[in-house]
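J.: Contents of data.txt (compact mmCIF, C-alpha atoms):
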```txt
# COMPACT_ATOMS: atom_id res chain seq x y z
CA MET V 1 126.45 95.14 104.52
CA THR V 2 123.22 95.36 106.47
CA SER V 3 123.08 99.10 107.15
CA LEU V 4 123.51 100.09 103.50
CA ARG V 5 121.11 97.39 102.31
CA ASP V 6 118.47 98.46 104.82
CA ARG V 7 118.95 102.23 104.68
CA ALA V 8 119.46 102.91 100.96
CA PRO V 9 115.82 102.18 99.95
CA ASP V 10 114.68 104.99 102.27
CA TYR V 11 116.39 107.36 99.81
CA GLY V 12 115.05 105.74 96.64
CA ILE V 13 118.24 103.74 96.11
CA GLU V 14 117.99 100.03 95.33
CA LEU V 15 121.21 98.01 95.40
CA SER V 16 121.71 94.48 94.11
CA SER V 17 123.59 91.77 96.00
CA ALA V 18 126.48 92.18 93.56
CA GLN V 19 126.63 95.93 94.25
CA LEU V 20 126.55 95.35 98.01
CA ASP V 21 129.44 92.90 97.61
CA LEU V 22 131.45 95.62 95.83
CA PHE V 23 130.73 98.07 98.63
CA ARG V 24 131.88 95.43 101.13
CA LEU V 25 135.20 95.00 99.29
CA TYR V 26 135.56 98.77 99.10
CA LEU V 27 134.91 99.14 102.83
CA ASP V 28 137.40 96.42 103.77
CA GLU V 29 140.16 98.01 101.69
CA LEU V 30 139.33 101.48 102.97
CA THR V 31 139.48 100.23 106.57
CA LEU V 32 142.85 98.58 105.92
CA TRP V 33 144.40 101.70 104.39
CA ASN V 34 142.82 103.93 107.03
CA ARG V 35 144.99 102.25 109.66
CA ARG V 36 148.12 103.49 107.86
CA MET V 37 146.96 106.89 106.63
CA ASN V 38 144.08 109.18 107.48
CA LEU V 39 141.81 108.76 104.47
CA THR V 40 138.46 109.51 106.04
CA GLY V 41 138.85 110.61 109.65
CA MET V 42 136.40 107.84 110.62
CA ASP V 43 137.28 104.84 112.77
CA ARG V 44 133.91 103.04 112.69
CA ALA V 45 132.76 100.99 109.72
CA ASP V 46 129.08 101.77 110.30
CA ARG V 47 129.71 105.52 110.14
CA THR V 48 131.84 105.12 107.02
CA VAL V 49 128.97 103.29 105.32
CA ILE V 50 126.47 106.02 106.22
CA GLU V 51 128.59 109.17 106.07
CA LEU V 52 130.53 108.27 102.92
CA PHE V 53 128.78 105.55 100.93
CA LEU V 54 125.13 106.40 101.54
CA ASP V 55 125.77 110.14 101.42
CA SER V 56 127.54 109.75 98.06
CA LEU V 57 124.56 107.85 96.65
CA ILE V 58 121.97 110.55 97.41
CA PRO V 59 122.17 112.08 93.89
CA ALA V 60 122.46 108.68 92.15
CA PRO V 61 118.79 108.31 91.08
CA ARG V 62 118.91 111.78 89.47
CA ILE V 63 122.09 111.54 87.40
CA PRO V 64 122.51 109.89 83.98
CA GLY V 65 123.46 106.21 84.02
CA GLU V 66 125.81 106.65 81.06
CA GLY V 67 128.34 109.20 79.83
CA ARG V 68 131.40 110.71 81.50
CA LEU V 69 131.67 111.72 85.14
CA LEU V 70 134.60 113.62 86.65
CA ASP V 71 135.00 113.38 90.44
CA VAL V 72 137.20 116.29 91.55
CA GLY V 73 139.32 115.95 94.69
CA SER V 74 138.24 112.34 94.99
CA GLY V 75 140.19 111.59 98.17
CA ALA V 76 138.96 108.21 99.42
CA GLY V 77 136.92 107.82 96.23
CA VAL V 78 133.72 109.59 97.23
CA PRO V 79 131.37 110.22 95.64
CA GLY V 80 132.87 108.88 92.40
CA LEU V 81 133.31 105.22 93.35
CA PRO V 82 129.87 104.75 94.98
CA LEU V 83 128.25 106.38 91.96
CA LYS V 84 130.21 104.08 89.64
CA ILE V 85 129.06 101.05 91.61
CA PHE V 86 125.46 102.25 91.32
CA HIS V 87 125.78 103.24 87.62
CA PRO V 88 128.21 100.66 86.15
CA HIS V 89 127.91 102.11 82.64
CA LEU V 90 129.23 105.53 83.66
CA ASP V 91 132.75 106.33 82.48
CA VAL V 92 134.23 107.72 85.73
CA HIS V 93 137.45 109.68 86.16
CA LEU V 94 138.74 110.23 89.70
CA LEU V 95 141.00 113.29 90.05
CA GLU V 96 143.16 113.47 93.19
CA ALA V 97 146.26 115.55 93.93
CA ARG V 98 147.88 113.56 96.76
CA ALA V 99 150.11 110.67 95.71
CA ARG V 100 149.22 108.29 98.55
CA ARG V 101 145.51 108.73 97.94
CA VAL V 102 146.06 108.15 94.24
CA SER V 103 147.76 104.86 95.17
CA PHE V 104 144.78 103.89 97.30
CA LEU V 105 142.31 104.72 94.55
CA ARG V 106 144.21 102.69 91.97
CA GLN V 107 144.31 99.73 94.36
CA VAL V 108 140.56 99.89 94.98
CA VAL V 109 139.83 100.16 91.26
CA ARG V 110 141.95 97.04 90.64
CA LEU V 111 140.29 95.22 93.53
CA LEU V 112 136.74 95.98 92.41
CA GLY V 113 137.51 95.06 88.81
CA LEU V 114 135.21 97.72 87.40
CA PRO V 115 135.73 98.68 83.75
CA GLY V 116 135.38 102.28 82.64
CA ILE V 117 137.07 103.98 85.58
CA GLY V 118 140.38 105.84 85.67
CA VAL V 119 142.47 107.54 88.35
CA PHE V 120 144.39 110.72 87.54
CA ARG V 121 146.76 112.76 89.67
CA GLY V 122 146.40 116.52 89.52
CA ARG V 123 144.53 119.65 90.60
CA ILE V 124 141.68 120.91 88.49
CA GLU V 125 142.65 124.54 89.11
CA LYS V 126 146.34 124.15 88.23
CA GLU V 127 146.90 121.24 85.86
CA PRO V 128 144.46 121.31 82.93
CA GLY V 129 146.47 118.64 81.11
CA ALA V 130 146.03 116.06 83.87
CA LEU V 131 142.75 114.80 82.38
CA PRO V 132 142.11 113.10 79.03
CA PHE V 133 139.04 115.23 78.19
CA GLU V 134 138.61 118.98 78.16
CA ARG V 135 134.92 118.96 79.07
CA TYR V 136 132.62 116.66 81.05
CA PRO V 137 128.81 116.48 81.06
CA LEU V 138 128.82 115.61 84.78
CA ILE V 139 131.19 116.69 87.56
CA THR V 140 130.98 115.88 91.27
CA ALA V 141 132.76 117.69 94.09
CA ARG V 142 132.51 116.76 97.75
CA ALA V 143 134.48 118.73 100.37
CA LEU V 144 136.74 120.12 97.64
CA ALA V 145 136.78 123.81 98.59
CA PRO V 146 134.36 126.63 99.48
CA LEU V 147 131.53 126.69 96.96
CA ALA V 148 132.66 129.86 95.18
CA ARG V 149 136.05 128.31 94.43
CA THR V 150 134.49 124.99 93.45
CA LEU V 151 132.27 126.77 90.93
CA ALA V 152 135.17 128.78 89.53
CA TRP V 153 137.40 125.71 89.18
CA CYS V 154 134.83 123.24 87.84
CA SER V 155 132.66 125.35 85.53
CA PRO V 156 135.30 125.63 82.76
CA ARG V 157 135.44 121.83 82.66
CA LEU V 158 131.69 121.40 82.21
CA SER V 159 130.10 120.81 78.84
CA PRO V 160 127.39 123.30 77.82
CA GLU V 161 124.34 122.45 79.94
CA GLY V 162 126.49 120.06 81.97
CA LEU V 163 125.74 119.27 85.61
CA LEU V 164 127.88 119.97 88.66
CA VAL V 165 126.83 118.12 91.84
CA CYS V 166 128.01 119.57 95.15
CA PHE V 167 127.44 118.33 98.69
CA LEU V 168 126.63 121.15 101.11
CA GLY V 169 125.89 121.10 104.82
CA ARG V 170 123.28 122.73 106.98
CA SER V 171 123.97 126.29 105.76
CA ALA V 172 123.36 125.56 102.10
CA GLN V 173 121.07 128.52 101.47
CA LYS V 174 123.52 130.94 103.06
CA VAL V 175 126.38 129.51 101.02
CA LEU V 176 124.31 129.74 97.83
CA ASP V 177 123.36 133.35 98.55
CA GLU V 178 127.01 134.24 99.12
CA SER V 179 127.97 132.60 95.80
CA ARG V 180 125.43 134.37 93.55
CA GLU V 181 128.03 136.64 91.96
CA VAL V 182 130.33 133.73 91.12
CA MET V 183 127.40 131.73 89.76
CA GLU V 184 126.49 134.59 87.45
CA ARG V 185 130.08 135.09 86.33
CA THR V 186 130.61 131.40 85.58
CA GLY V 187 127.25 130.86 83.90
CA MET V 188 126.04 128.42 86.55
CA ALA V 189 122.48 128.13 87.83
CA VAL V 190 120.92 126.03 90.58
CA GLN V 191 118.77 123.31 89.02
CA GLU V 192 117.76 121.38 92.14
CA VAL V 193 118.44 121.24 95.87
CA ILE V 194 117.90 117.96 97.68
CA PRO V 195 117.53 118.34 101.47
CA TYR V 196 117.98 115.17 103.52
CA SER V 197 119.18 113.78 106.83
CA LEU V 198 121.42 110.79 107.39
CA PRO V 199 120.71 108.13 110.04
CA GLY V 200 122.40 108.99 113.33
CA SER V 201 123.36 112.51 112.21
CA GLU V 202 121.88 115.79 113.36
CA GLY V 203 120.74 118.52 111.01
CA ARG V 204 119.80 118.64 107.35
CA ARG V 205 122.26 118.21 104.54
CA HIS V 206 121.84 119.39 100.98
CA THR V 207 122.95 118.01 97.63
CA VAL V 208 122.87 120.77 95.04
CA PHE V 209 122.70 120.33 91.26
CA PHE V 210 124.10 123.22 89.21
CA ARG V 211 123.60 123.41 85.45
CA ARG V 212 125.92 125.33 83.19
CA LYS V 213 124.03 127.71 80.92
CA LYS V 214 124.52 127.57 77.16
```
Show this structure as structure tokens.
T.:
Amino acid sequence: MTSLRDRAPDYGIELSSAQLDLFRLYLDELTLWNRRMNLTGMDRADRTVIELFLDSLIPAPRIPGEGRLLDVGSGAGVPGLPLKIFHPHLDVHLLEARARRVSFLRQVVRLLGLPGIGVFRGRIEKEPGALPFERYPLITARALAPLARTLAWCSPRLSPEGLLVCFLGRSAQKVLDESREVMERTGMAVQEVIPYSLPGSEGRRHTVFFRRKK
């Protein structure tokens, strides 16, 4: 997987040959399923690698390599699966509401043979019993909902001082400003904003780390 191998180091991400092999298996299965159902909206493998895999790995060097991670609205498995491949000792739970996507996720998990990863069907805002743990020290959410709703839904599931990682677009500052009231109400504070650009894409993206106050 040349593009990921060559591009990831530009973002401080070093991947082993074994990890690249796992991404290759993941990509092949994703491409196969994408022909039958619209998982990603992308029809080019090179864009999938950059827009999904590499983008998901942006926060990887800054998150703990162990502990529990909940990926909310996992969809095609991003960012949860790429982060699991990067941090094999993370205990990752993928939460997805749509049955066909749950089937895809379970197939990929079986194919990759990674221990310490589970797939659960449910909605974080409606089905609190869908998950085996009440609180998580780390939650990721990518394209789940507008930020205010994401904060409201995810903050009750965070451990005290837990981290929520969200992937925002070009208008991150505007979105953050509009969400100040919700952040205050939910006890969330911005810890770090990572601005970056992806190869072949216009504009700056932003990965935002929120920490839940004690």
J.: Compile the contact shell of Leu25 (chain V) as a list in words: residues with an atom at most 8 Å away, counting all atoms listed in the file, same-chain residues fewer than 3 positions apart removed.
T.: Asp21, Leu22, Asp28, Glu29, Leu111 and Leu112 of chain V
J.: List as a PyMOL selection string the protein and nucleic acid residues near Gly80 (chain V), meaning an atom at most 7 Å away when all atoms listed in the file are counted, but skip any in the same chain fewer than 5 places from it.
T.: chain V and resi 71+74+92+94
J.: Considering only C-alpha atoms, state which residue in the set V:Gly129, V:Gly75, V:Pro115, V:Gly169 is at the smallest distance from Leu198 (chain V).
T.: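 Under the stated criterion, the closest residue is V:Gly169.
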J.: Considering only C-alpha atoms, state which residue in the set V:Met188, V:Leu20, V:Leu30, V:Leu95 is at the smallest distance from Ser159 (chain V).
T.: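 Once distances to Ser159 (chain V) are computed over only C-alpha atoms, the minimum belongs to V:Met188.
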J.: Smallest atom-to-atom distance to Ala130 (chain V): which of V:Val182, V:Glu96, V:Gly200, V:Arg212, using all atoms listed in the file?
T.: V:Glu96
J.: So the first atom is CA of Arg205 (chain V) and the second is CA of Phe167 (chain V); what is the distance between them in Å, to one decimal place?
T.: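 These atoms are spaced 7.8 Å apart.
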J.: Give me, as a PyMOL selection string, all polymer residues having an atom no more than 10 Å from region 119-123 of chain V, counting all atoms listed in the file and skipping those fewer than 3 positions away in the same chain.
T.: chain V and resi 71-74+77+92-99+101-106+109+126-132+153
J.: Write to file, as a PDB file, in the frame of the given file, the residues of the selection just made, with C-alpha atoms.
T.:
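For reference, part-v6.pdb as written:
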```
ATOM      1  CA  ASP V  71     135.000 113.380  90.440  1.00  0.00           C
ATOM      2  CA  VAL V  72     137.200 116.290  91.550  1.00  0.00           C
ATOM      3  CA  GLY V  73     139.320 115.950  94.690  1.00  0.00           C
ATOM      4  CA  SER V  74     138.240 112.340  94.990  1.00  0.00           C
ATOM      5  CA  GLY V  77     136.920 107.820  96.230  1.00  0.00           C
ATOM      6  CA  VAL V  92     134.230 107.720  85.730  1.00  0.00           C
ATOM      7  CA  HIS V  93     137.450 109.680  86.160  1.00  0.00           C
ATOM      8  CA  LEU V  94     138.740 110.230  89.700  1.00  0.00           C
ATOM      9  CA  LEU V  95     141.000 113.290  90.050  1.00  0.00           C
ATOM     10  CA  GLU V  96     143.160 113.470  93.190  1.00  0.00           C
ATOM     11  CA  ALA V  97     146.260 115.550  93.930  1.00  0.00           C
ATOM     12  CA  ARG V  98     147.880 113.560  96.760  1.00  0.00           C
ATOM     13  CA  ALA V  99     150.110 110.670  95.710  1.00  0.00           C
ATOM     14  CA  ARG V 101     145.510 108.730  97.940  1.00  0.00           C
ATOM     15  CA  VAL V 102     146.060 108.150  94.240  1.00  0.00           C
ATOM     16  CA  SER V 103     147.760 104.860  95.170  1.00  0.00           C
ATOM     17  CA  PHE V 104     144.780 103.890  97.300  1.00  0.00           C
ATOM     18  CA  LEU V 105     142.310 104.720  94.550  1.00  0.00           C
ATOM     19  CA  ARG V 106     144.210 102.690  91.970  1.00  0.00           C
ATOM     20  CA  VAL V 109     139.830 100.160  91.260  1.00  0.00           C
ATOM     21  CA  LYS V 126     146.340 124.150  88.230  1.00  0.00           C
ATOM     22  CA  GLU V 127     146.900 121.240  85.860  1.00  0.00           C
ATOM     23  CA  PRO V 128     144.460 121.310  82.930  1.00  0.00           C
ATOM     24  CA  GLY V 129     146.470 118.640  81.110  1.00  0.00           C
ATOM     25  CA  ALA V 130     146.030 116.060  83.870  1.00  0.00           C
ATOM     26  CA  LEU V 131     142.750 114.800  82.380  1.00  0.00           C
ATOM     27  CA  PRO V 132     142.110 113.100  79.030  1.00  0.00           C
ATOM     28  CA  TRP V 153     137.400 125.710  89.180  1.00  0.00           C
TER      29      TRP V 153
END
```
J.: Taking the point (130.4, 105.6, 92.9) as given in the file, collect each protein or nucleic acid residue that comes within 10 Å of it, counting all atoms listed in the file, and present the set as an mmCIF file with C-alpha atoms, in the frame of the given file.
T.:
```
data_model
loop_
_atom_site.group_PDB
_atom_site.id
_atom_site.type_symbol
_atom_site.label_atom_id
_atom_site.label_comp_id
_atom_site.auth_asym_id
_atom_site.auth_seq_id
_atom_site.Cartn_x
_atom_site.Cartn_y
_atom_site.Cartn_z
ATOM 1 C CA PHE V 23 130.730 98.070 98.630
ATOM 2 C CA PHE V 53 128.780 105.550 100.930
ATOM 3 C CA SER V 56 127.540 109.750 98.060
ATOM 4 C CA LEU V 57 124.560 107.850 96.650
ATOM 5 C CA ALA V 60 122.460 108.680 92.150
ATOM 6 C CA LEU V 69 131.670 111.720 85.140
ATOM 7 C CA ASP V 71 135.000 113.380 90.440
ATOM 8 C CA GLY V 77 136.920 107.820 96.230
ATOM 9 C CA VAL V 78 133.720 109.590 97.230
ATOM 10 C CA PRO V 79 131.370 110.220 95.640
ATOM 11 C CA GLY V 80 132.870 108.880 92.400
ATOM 12 C CA LEU V 81 133.310 105.220 93.350
ATOM 13 C CA PRO V 82 129.870 104.750 94.980
ATOM 14 C CA LEU V 83 128.250 106.380 91.960
ATOM 15 C CA LYS V 84 130.210 104.080 89.640
ATOM 16 C CA ILE V 85 129.060 101.050 91.610
ATOM 17 C CA PHE V 86 125.460 102.250 91.320
ATOM 18 C CA HIS V 87 125.780 103.240 87.620
ATOM 19 C CA PRO V 88 128.210 100.660 86.150
ATOM 20 C CA LEU V 90 129.230 105.530 83.660
ATOM 21 C CA VAL V 92 134.230 107.720 85.730
#
```
J.: I'd like to know which of V:Thr150, V:Ser3, V:Thr48, V:Ser201 is closest to Asn34 (chain V), using all atoms listed in the file.
T.: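 Ranked by minimum distance to Asn34 (chain V), first place goes to V:Thr48.
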J.: CA of Thr186 (chain V) and CA of Ala152 (chain V), how far apart in Å?
T.: 6.6 Å
J.: How far is it from CA of Pro160 (chain V) to CA of Gly187 (chain V), in Å with one decimal?
T.: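 These atoms are spaced 9.7 Å apart.
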J.: Taking (114.6, 104.5, 103.5) as a centre in this file's frame and 12 Å as the limit, can you find every polymer residue with an atom that close, using only C-alpha atoms, and give them as number ranges by chain?
T.: V: 3-14, 54, 58, 196-199
J.: Which polymer residues have any atom within 12 Å of an atom of Gln173 (chain V), counting all atoms listed in the file, with same-chain residues fewer than 4 positions away left out, as a list in words?
T.: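 Using all atoms listed in the file, the neighbours found are Leu147, Leu168, Gly169, Asp177, Glu178, Ser179, Arg180, Val190, Val193, Ile194, Pro195, Arg204, Arg205, His206, Thr207 and Val208 of chain V.
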J.: Using the selection just defined, write its residues with C-alpha atoms as a PDB file, in the frame of the given file.
T.:
```pdb
ATOM      1  CA  LEU V 147     131.530 126.690  96.960  1.00  0.00           C
ATOM      2  CA  LEU V 168     126.630 121.150 101.110  1.00  0.00           C
ATOM      3  CA  GLY V 169     125.890 121.100 104.820  1.00  0.00           C
ATOM      4  CA  ASP V 177     123.360 133.350  98.550  1.00  0.00           C
ATOM      5  CA  GLU V 178     127.010 134.240  99.120  1.00  0.00           C
ATOM      6  CA  SER V 179     127.970 132.600  95.800  1.00  0.00           C
ATOM      7  CA  ARG V 180     125.430 134.370  93.550  1.00  0.00           C
ATOM      8  CA  VAL V 190     120.920 126.030  90.580  1.00  0.00           C
ATOM      9  CA  VAL V 193     118.440 121.240  95.870  1.00  0.00           C
ATOM     10  CA  ILE V 194     117.900 117.960  97.680  1.00  0.00           C
ATOM     11  CA  PRO V 195     117.530 118.340 101.470  1.00  0.00           C
ATOM     12  CA  ARG V 204     119.800 118.640 107.350  1.00  0.00           C
ATOM     13  CA  ARG V 205     122.260 118.210 104.540  1.00  0.00           C
ATOM     14  CA  HIS V 206     121.840 119.390 100.980  1.00  0.00           C
ATOM     15  CA  THR V 207     122.950 118.010  97.630  1.00  0.00           C
ATOM     16  CA  VAL V 208     122.870 120.770  95.040  1.00  0.00           C
TER      17      VAL V 208
END
```
